[in-house]
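This report concerns only the one structure given below.
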Amino acid sequence: MSRTRTWLDGYTAAWKSEHPDDVRALFTEDAEYWFRPDDAEPARGIDAILDAWPESDGADPRHDLSVLIENDRLGIISGSIDYPGDTSYVNLWEVHFAPDGRAKKFVEWFMPRHKPTAG
């Protein structure tokens, strides 16, 4: 299994569990988490990431995410996340790796998927 796939599997598990230890396993102590690439500032450091980690609203989103490209320092993940009865997002994620396989920088690029119009 690739480094990026292992990280992605950990991310989706942490998203589901919301357990701080699962999130800590993904990021270095000084990691940057950019929720949007144009944020003025990222969540910086594992404690800030944990504070900003979204809590579940009870929805069980469907993930269709896969590794697009990777090397030892960077993984690019693409795909979609669908929230039942709500919004669907198209995603492109950057995972900048520390030598130990945790993310030292994570950037989310996402946009809502267009809904078909009647007509």
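Residue numbers start at 1 in each chain; chains themselves are named A, B, ... in the order of the structure tokens; ligands are numbered from 1 in the order shown.
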Taking a cut-off of 10 Å and counting only C-alpha atoms, can you build a table that, for each residue of range 52-75 of chain A near range 15-38 of chain A, reports the nearest atom pair and how far apart they are in Å (one decimal), sorted by chain then residue number, as JSON lines?
```
{"residue": "A:Ala52", "atom": "CA", "partner": "A:Tyr33", "partner_atom": "CA", "distance": 9.3}
{"residue": "A:Trp53", "atom": "CA", "partner": "A:Glu18", "partner_atom": "CA", "distance": 8.0}
{"residue": "A:Pro54", "atom": "CA", "partner": "A:Trp15", "partner_atom": "CA", "distance": 8.1}
{"residue": "A:Glu55", "atom": "CA", "partner": "A:Glu18", "partner_atom": "CA", "distance": 6.9}
{"residue": "A:Ser56", "atom": "CA", "partner": "A:Glu18", "partner_atom": "CA", "distance": 7.8}
{"residue": "A:Asp60", "atom": "CA", "partner": "A:Lys16", "partner_atom": "CA", "distance": 8.3}
{"residue": "A:Pro61", "atom": "CA", "partner": "A:Lys16", "partner_atom": "CA", "distance": 9.3}
```
Taking only chain A into account, list the residues labelled strand (DSSP E or B) by DSSP (computed from the backbone), as a ChimeraX atom specification. /A:27-34,43-44,62-70,74-82,88-97,103-112
Run DSSP on the backbone and give me the residues of chain A it puts in helix (DSSP H, G or I), as a PyMOL selection string. chain A and resi 3-17+20-24+46-52
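Interatomic distance, CA of Asn91 in chain A against CA of Lys105 in chain A: 16.4 Å.
Counting only C-alpha atoms and comparing A:Arg62, A:Asp9, A:Trp109, A:Gly45, the residue that lies closest to Tyr83 in chain A is A:Arg62.
Among the candidates A:Glu70, A:Asp100, A:Asp64, A:Asp86, the one nearest to Pro112 in chain A when counting only C-alpha atoms is A:Asp86.
Neighbours of Ile76 in chain A closer than or equal to 12 Å, with only C-alpha atoms counted and sequence neighbours fewer than 3 positions away skipped, come out as Ser2, Arg3, Thr4, Arg5, Trp7, Leu8, Leu65, Ser66, Val67, Leu68, Ile69, Glu70, Asn71, Asp72, Arg73, Gly79, Asn91, Leu92, Trp93, Glu94, Val95, His96, Phe97, Phe106, Val107, Glu108 and Trp109 of chain A.
Pairwise distance (CA of Glu41 in chain A, CA of Tyr89 in chain A) equals 22.5 Å.
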To one decimal place, how far is CA of Gly10 in chain A from CA of Pro84 in chain A in Å? 22.2 Å
